[in-house]
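Undergrad: Sharing upload25.cif here; it has mmCIF, C-alpha atoms.
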```
data_data
loop_
_atom_site.group_PDB
_atom_site.id
_atom_site.type_symbol
_atom_site.label_atom_id
_atom_site.label_comp_id
_atom_site.auth_asym_id
_atom_site.auth_seq_id
_atom_site.Cartn_x
_atom_site.Cartn_y
_atom_site.Cartn_z
ATOM 1 C CA MET A 6 0.000 0.000 0.000
ATOM 2 C CA LYS A 7 1.350 3.413 -0.998
ATOM 3 C CA ALA A 8 1.766 5.907 1.825
ATOM 4 C CA THR A 9 0.197 9.287 1.216
ATOM 5 C CA THR A 10 2.117 12.377 2.124
ATOM 6 C CA HIS A 11 0.295 15.160 3.893
ATOM 7 C CA THR A 12 1.536 18.716 3.578
ATOM 8 C CA PRO A 13 1.007 20.763 6.752
ATOM 9 C CA LEU A 14 -1.519 23.600 6.514
ATOM 10 C CA LYS A 15 -0.056 27.041 5.958
ATOM 11 C CA THR A 16 -1.719 30.192 7.224
ATOM 12 C CA ILE A 17 -1.441 33.799 6.168
ATOM 13 C CA SER A 18 -2.503 36.982 7.953
ATOM 14 C CA PRO A 19 -5.311 39.025 6.405
ATOM 15 C CA GLN A 20 -2.940 41.965 5.820
ATOM 16 C CA THR A 21 -0.418 39.777 3.983
ATOM 17 C CA ALA A 22 -3.216 38.096 2.009
ATOM 18 C CA SER A 23 -4.521 41.507 0.955
ATOM 19 C CA ALA A 24 -1.049 42.492 -0.241
ATOM 20 C CA HIS A 25 -0.771 39.237 -2.252
ATOM 21 C CA LEU A 26 -3.958 40.028 -4.176
ATOM 22 C CA SER A 27 -2.117 42.551 -6.337
ATOM 23 C CA ASN A 28 -0.228 39.530 -7.692
ATOM 24 C CA GLN A 29 -2.084 37.994 -10.636
ATOM 25 C CA ASP A 30 -1.128 34.503 -9.459
ATOM 26 C CA ALA A 31 -3.057 34.862 -6.167
ATOM 27 C CA MET A 32 -6.776 34.678 -5.461
ATOM 28 C CA ILE A 33 -9.159 34.295 -2.537
ATOM 29 C CA LEU A 34 -11.352 31.212 -2.468
ATOM 30 C CA ASP A 35 -14.316 31.742 -0.128
ATOM 31 C CA VAL A 36 -15.777 28.408 1.031
ATOM 32 C CA ARG A 37 -18.807 29.797 2.898
ATOM 33 C CA THR A 38 -22.331 29.035 1.703
ATOM 34 C CA VAL A 39 -23.661 30.948 -1.280
ATOM 35 C CA LEU A 40 -26.084 32.802 0.993
ATOM 36 C CA GLU A 41 -23.291 33.924 3.349
ATOM 37 C CA PHE A 42 -21.149 34.953 0.384
ATOM 38 C CA SER A 43 -23.990 36.913 -1.212
ATOM 39 C CA GLY A 44 -24.335 38.977 1.969
ATOM 40 C CA GLN A 45 -20.704 40.055 2.276
ATOM 41 C CA GLN A 46 -17.513 39.143 0.498
ATOM 42 C CA VAL A 47 -13.985 40.234 -0.220
ATOM 43 C CA PRO A 48 -14.010 42.013 -3.596
ATOM 44 C CA GLY A 49 -12.849 39.709 -6.394
ATOM 45 C CA SER A 50 -13.057 36.496 -4.365
ATOM 46 C CA LEU A 51 -14.395 33.252 -5.815
ATOM 47 C CA ASN A 52 -17.163 31.416 -3.939
ATOM 48 C CA LEU A 53 -17.130 27.623 -3.919
ATOM 49 C CA PRO A 54 -18.916 26.241 -0.823
ATOM 50 C CA LEU A 55 -17.015 23.637 1.196
ATOM 51 C CA ASP A 56 -19.576 20.895 0.515
ATOM 52 C CA GLN A 57 -19.009 21.341 -3.254
ATOM 53 C CA LEU A 58 -15.219 21.695 -3.111
ATOM 54 C CA SER A 59 -12.785 19.308 -4.773
ATOM 55 C CA PRO A 60 -9.681 19.911 -6.887
ATOM 56 C CA ALA A 61 -11.778 19.125 -9.975
ATOM 57 C CA SER A 62 -14.622 21.498 -9.048
ATOM 58 C CA LEU A 63 -12.115 24.279 -8.356
ATOM 59 C CA ARG A 64 -10.464 23.758 -11.755
ATOM 60 C CA GLN A 65 -13.916 23.876 -13.370
ATOM 61 C CA HIS A 66 -14.785 27.164 -11.631
ATOM 62 C CA LEU A 67 -11.436 28.705 -12.497
ATOM 63 C CA GLY A 68 -11.719 27.871 -16.197
ATOM 64 C CA LYS A 69 -8.681 29.193 -18.043
ATOM 65 C CA GLN A 70 -7.505 31.229 -15.060
ATOM 66 C CA THR A 71 -4.798 29.323 -13.229
ATOM 67 C CA PRO A 72 -3.599 31.072 -10.089
ATOM 68 C CA THR A 73 -0.722 29.359 -8.315
ATOM 69 C CA GLN A 74 -1.595 30.765 -4.898
ATOM 70 C CA ILE A 75 -5.033 29.980 -3.421
ATOM 71 C CA LEU A 76 -5.857 31.956 -0.267
ATOM 72 C CA ILE A 77 -8.782 30.206 1.432
ATOM 73 C CA MET A 78 -11.314 32.078 3.547
ATOM 74 C CA CYS A 79 -14.497 31.301 5.461
ATOM 75 C CA GLN A 80 -16.226 33.177 8.284
ATOM 76 C CA SER A 81 -13.829 32.318 11.125
ATOM 77 C CA GLY A 82 -11.239 29.892 9.736
ATOM 78 C CA ASN A 83 -12.614 26.409 10.541
ATOM 79 C CA ARG A 84 -14.145 25.606 7.148
ATOM 80 C CA ALA A 85 -11.115 27.132 5.416
ATOM 81 C CA CYS A 86 -8.843 24.628 7.202
ATOM 82 C CA LYS A 87 -11.027 21.761 5.990
ATOM 83 C CA ALA A 88 -10.941 23.186 2.458
ATOM 84 C CA ALA A 89 -7.142 23.449 2.623
ATOM 85 C CA GLU A 90 -6.946 19.771 3.564
ATOM 86 C CA ILE A 91 -8.980 18.949 0.441
ATOM 87 C CA LEU A 92 -6.741 21.029 -1.876
ATOM 88 C CA ASN A 93 -3.417 20.823 -0.037
ATOM 89 C CA ASN A 94 -1.764 17.938 -1.860
ATOM 90 C CA ASP A 95 -2.572 19.116 -5.387
ATOM 91 C CA PRO A 96 0.681 20.377 -6.947
ATOM 92 C CA ALA A 97 -1.189 22.843 -9.204
ATOM 93 C CA TRP A 98 -1.325 25.531 -6.535
ATOM 94 C CA GLN A 99 -0.012 26.707 -3.200
ATOM 95 C CA VAL A 100 -2.764 26.729 -0.558
ATOM 96 C CA GLN A 101 -2.888 29.027 2.472
ATOM 97 C CA VAL A 102 -5.649 29.669 5.011
ATOM 98 C CA ILE A 103 -6.420 33.290 5.862
ATOM 99 C CA GLU A 104 -6.160 33.476 9.657
ATOM 100 C CA GLY A 105 -9.440 34.324 11.383
ATOM 101 C CA GLY A 106 -11.403 34.302 8.133
ATOM 102 C CA LEU A 107 -13.724 37.121 7.138
ATOM 103 C CA ASN A 108 -14.183 38.100 10.796
ATOM 104 C CA GLN A 109 -10.479 38.925 11.156
ATOM 105 C CA TRP A 110 -10.347 40.468 7.663
ATOM 106 C CA GLN A 111 -13.067 42.945 8.687
ATOM 107 C CA ALA A 112 -11.514 43.550 12.134
ATOM 108 C CA ASN A 113 -8.337 44.646 10.324
ATOM 109 C CA GLY A 114 -10.314 47.199 8.291
ATOM 110 C CA LEU A 115 -9.735 45.469 4.955
ATOM 111 C CA PRO A 116 -12.295 45.985 2.145
ATOM 112 C CA VAL A 117 -15.537 43.984 2.138
ATOM 113 C CA ASP A 118 -18.518 44.288 -0.198
ATOM 114 C CA LYS A 119 -21.774 44.109 1.783
ATOM 115 C CA LYS A 120 -24.825 43.390 -0.334
ATOM 116 C CA ALA A 121 -27.612 42.088 1.874
ATOM 117 C CA SER A 122 -28.155 41.199 5.475
ATOM 118 C CA VAL A 123 -27.878 37.407 5.746
ATOM 119 C CA MET A 124 -27.603 35.048 8.647
ATOM 120 C CA SER A 125 -24.308 33.186 9.044
ATOM 121 C CA LEU A 126 -24.305 29.400 9.173
ATOM 122 C CA GLU A 127 -22.934 29.502 12.723
ATOM 123 C CA ARG A 128 -25.872 31.651 13.839
ATOM 124 C CA GLN A 129 -28.338 29.324 12.081
ATOM 125 C CA VAL A 130 -26.850 26.385 14.010
ATOM 126 C CA ARG A 131 -27.243 28.179 17.352
ATOM 127 C CA ILE A 132 -30.886 29.036 16.576
ATOM 128 C CA ALA A 133 -31.714 25.499 15.383
ATOM 129 C CA ALA A 134 -30.029 23.883 18.402
ATOM 130 C CA GLY A 135 -31.844 26.211 20.796
ATOM 131 C CA LEU A 136 -35.215 25.534 19.157
ATOM 132 C CA LEU A 137 -34.682 21.774 19.246
ATOM 133 C CA ILE A 138 -33.712 21.892 22.938
ATOM 134 C CA LEU A 139 -36.777 23.999 23.780
ATOM 135 C CA THR A 140 -38.966 21.631 21.737
ATOM 136 C CA GLY A 141 -37.587 18.651 23.678
ATOM 137 C CA ILE A 142 -38.320 20.376 26.986
ATOM 138 C CA GLY A 143 -41.844 21.251 25.808
ATOM 139 C CA LEU A 144 -42.492 17.689 24.668
ATOM 140 C CA ALA A 145 -41.248 16.336 28.007
ATOM 141 C CA ARG A 146 -43.429 18.767 29.948
ATOM 142 C CA TRP A 147 -46.694 18.525 28.014
ATOM 143 C CA VAL A 148 -46.615 15.368 25.848
ATOM 144 C CA HIS A 149 -44.381 12.602 27.189
ATOM 145 C CA PRO A 150 -41.399 12.525 29.561
ATOM 146 C CA TRP A 151 -39.232 10.881 26.916
ATOM 147 C CA GLY A 152 -39.397 14.119 24.908
ATOM 148 C CA ILE A 153 -36.411 15.244 26.976
ATOM 149 C CA GLY A 154 -34.384 12.794 24.865
ATOM 150 C CA LEU A 155 -34.455 15.325 22.002
ATOM 151 C CA SER A 156 -32.790 17.919 24.214
ATOM 152 C CA GLY A 157 -30.229 15.359 25.374
ATOM 153 C CA PHE A 158 -29.498 14.321 21.789
ATOM 154 C CA VAL A 159 -28.910 17.931 20.698
ATOM 155 C CA GLY A 160 -26.744 18.580 23.763
ATOM 156 C CA ALA A 161 -24.640 15.488 23.019
ATOM 157 C CA GLY A 162 -24.314 16.635 19.401
ATOM 158 C CA LEU A 163 -23.048 20.036 20.527
ATOM 159 C CA VAL A 164 -20.464 18.409 22.812
ATOM 160 C CA PHE A 165 -19.359 16.127 19.963
ATOM 161 C CA ALA A 166 -19.120 19.131 17.612
ATOM 162 C CA GLY A 167 -16.979 20.991 20.129
ATOM 163 C CA ILE A 168 -14.611 18.075 20.688
ATOM 164 C CA THR A 169 -14.208 17.073 17.029
ATOM 165 C CA ASP A 170 -14.596 20.530 15.458
ATOM 166 C CA THR A 171 -17.158 18.956 13.120
ATOM 167 C CA CYS A 172 -20.759 20.139 13.126
ATOM 168 C CA GLY A 173 -23.303 17.772 11.613
ATOM 169 C CA MET A 174 -26.094 20.300 12.086
ATOM 170 C CA GLY A 175 -24.018 22.921 10.263
ATOM 171 C CA MET A 176 -23.398 20.530 7.367
ATOM 172 C CA LEU A 177 -27.104 19.745 7.219
ATOM 173 C CA LEU A 178 -28.124 23.418 7.339
ATOM 174 C CA ALA A 179 -25.592 24.254 4.595
ATOM 175 C CA LYS A 180 -27.679 22.043 2.291
ATOM 176 C CA ALA A 181 -30.947 23.800 3.189
ATOM 177 C CA PRO A 182 -32.671 25.553 0.257
ATOM 178 C CA TRP A 183 -32.154 29.050 1.684
ATOM 179 C CA ASN A 184 -28.392 28.397 1.822
ATOM 180 C CA ARG A 185 -28.206 26.958 -1.694
ATOM 181 C CA ARG A 186 -29.055 29.972 -3.829
ATOM 182 C CA THR A 187 -27.137 30.031 -7.041
ATOM 183 C CA SER A 188 -24.487 32.692 -7.278
ATOM 184 C CA ARG A 189 -23.833 34.854 -10.267
ATOM 185 C CA PRO A 190 -20.399 34.139 -11.712
ATOM 186 C CA SER A 191 -18.070 37.016 -11.068
ATOM 187 C CA ALA A 192 -16.263 38.556 -13.999
ATOM 188 C CA CYS A 193 -13.351 39.240 -11.651
ATOM 189 C CA ALA A 194 -12.783 35.922 -9.903
ATOM 190 C CA ILE A 195 -9.094 36.797 -9.812
ATOM 191 C CA ASN A 196 -7.989 40.345 -9.174
ATOM 192 C CA PRO A 197 -5.960 41.741 -12.072
#
```
Before anything else, please render the file you have as structure tokens.
TA:
Amino acid sequence: MKATTHTPLKTISPQTASAHLSNQDAMILDVRTVLEFSGQQVPGSLNLPLDQLSPASLRQHLGKQTPTQILIMCQSGNRACKAAEILNNDPAWQVQVIEGGLNQWQANGLPVDKKASVMSLERQVRIAAGLLILTGIGLARWVHPWGIGLSGFVGAGLVFAGITDTCGMGMLLAKAPWNRRTSRPSACAINP
């Protein structure tokens, strides 16, 4: 059996990433949902949600443009790390994760296009988890005592998500219709 080599993840500060964008061989790949991206984005970035990302899908979205440096961004950095693991061993490009994601980018005063007020996936998860816990408590109180099992299940899921840094509810919500709007292709996927 052939051993696979794994290249360690490289990170880049938002300020350094912004400076690299003047280089035609660098681009930002935003792996947030289409809905999150449509609400606010770094000018010129390409959106390819994490659940649709593969080296082949990235090549398809890039078309004839072939940047050698892919700077990956999400809201806070977690999804970007997962995206980097997917793309990391492809020799076609150098992959770096923008530290702190869009949150840190904005905190550093770097440019962001805001188009519409949208709810982040993280916020959707918190709302859904809270509603499910309250529903479980309500079921236990007014329908059947075993309704508390729903609250326990959600609580266990949140603990698992915290320990593994993997959120099943987030992955499920990312596939929801309101998070799957189609995006208009940008004429400037790579900054000139």
Undergrad: Run the PyMOL selection byres ((chain A and resi 50) around 7) mentally over the shown coordinates, then write out the matched residues as a PyMOL selection string, using the chain letters and numbers from the document.
TA: chain A and resi 32-35+47-49+51-52+194-195
Undergrad: Could you tell me, as a PyMOL selection string, exactly which residues end up selected when the PyMOL selection byres ((chain A and resi 61-78) around 6) is applied to this structure?
TA: chain A and resi 30-35+58-60+79+85+98-103+106
Undergrad: CA of Phe165 in chain A to CA of Leu107 in chain A: how many Å, to one decimal?
TA: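 So the two atoms, CA of Phe165 in chain A and CA of Leu107 in chain A, lie 25.2 Å apart.
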Undergrad: Figure out the distance between CA of Ala134 in chain A and CA of Ile91 in chain A, please, to one decimal in Å.
TA: 28.1 Å
Undergrad: Residues within 10 Å of Asn113 in chain A, please, as a PDB file with C-alpha atoms, in the frame of the given file. Count only C-alpha atoms; anything in the same chain fewer than 3 positions from it doesn't count.
TA:
```pdb
ATOM      1  CA  SER A  18      -2.503  36.982   7.953  1.00  0.00           C
ATOM      2  CA  PRO A  19      -5.311  39.025   6.405  1.00  0.00           C
ATOM      3  CA  GLN A  20      -2.940  41.965   5.820  1.00  0.00           C
ATOM      4  CA  LEU A 107     -13.724  37.121   7.138  1.00  0.00           C
ATOM      5  CA  ASN A 108     -14.183  38.100  10.796  1.00  0.00           C
ATOM      6  CA  GLN A 109     -10.479  38.925  11.156  1.00  0.00           C
ATOM      7  CA  TRP A 110     -10.347  40.468   7.663  1.00  0.00           C
ATOM      8  CA  PRO A 116     -12.295  45.985   2.145  1.00  0.00           C
TER       9      PRO A 116
END
```
Undergrad: With only C-alpha atoms as the basis for distance, which of A:Leu53, A:Leu14, A:Leu178, A:Val36 is at the shortest distance from Arg128 in chain A?
TA: A:Leu178
Undergrad: Restricting the calculation to all atoms listed in the file: of A:Ser156, A:Gln80, A:Gln111, A:Ser43, which residue gets closest to Glu127 in chain A?
TA: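 Looking only at the distances to Glu127 in chain A, the closest residue turns out to be A:Gln80.
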Undergrad: What's the separation between CA of Ser125 in chain A and CA of Gly160 in chain A, in Å to one decimal place?
TA: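 Here the two named atoms are 20.9 Å from each other.
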Undergrad: Mind giving me the axis-aligned box for range 44-51 of chain A with 6 Å on every side, centre plus edges in Å to one decimal, as JSON?
TA:
```
{"center_x": -18.6, "center_y": 37.6, "center_z": -2.1, "size_x": 23.5, "size_y": 20.8, "size_z": 20.7}
```
Undergrad: Could you spell out the hits of the PyMOL selection byres ((chain A and resi 118) around 6) on the shown file, as a PyMOL selection string?
TA: chain A and resi 45-46+117+119
Undergrad: Using all atoms listed in the file, determine which residues lie at most 10 Å from range 179-186 of chain A, disregarding the query and same-chain residues fewer than 5 positions distant; provide the list as a list in words.
TA: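 The filter keeps Arg37, Thr38, Val39, Leu40, Glu41, Phe42, Ser43, Pro54, Leu55, Asp56, Val123, Met124, Ser125, Leu126, Gln129, Val130, Gly173 and Met174 of chain A.
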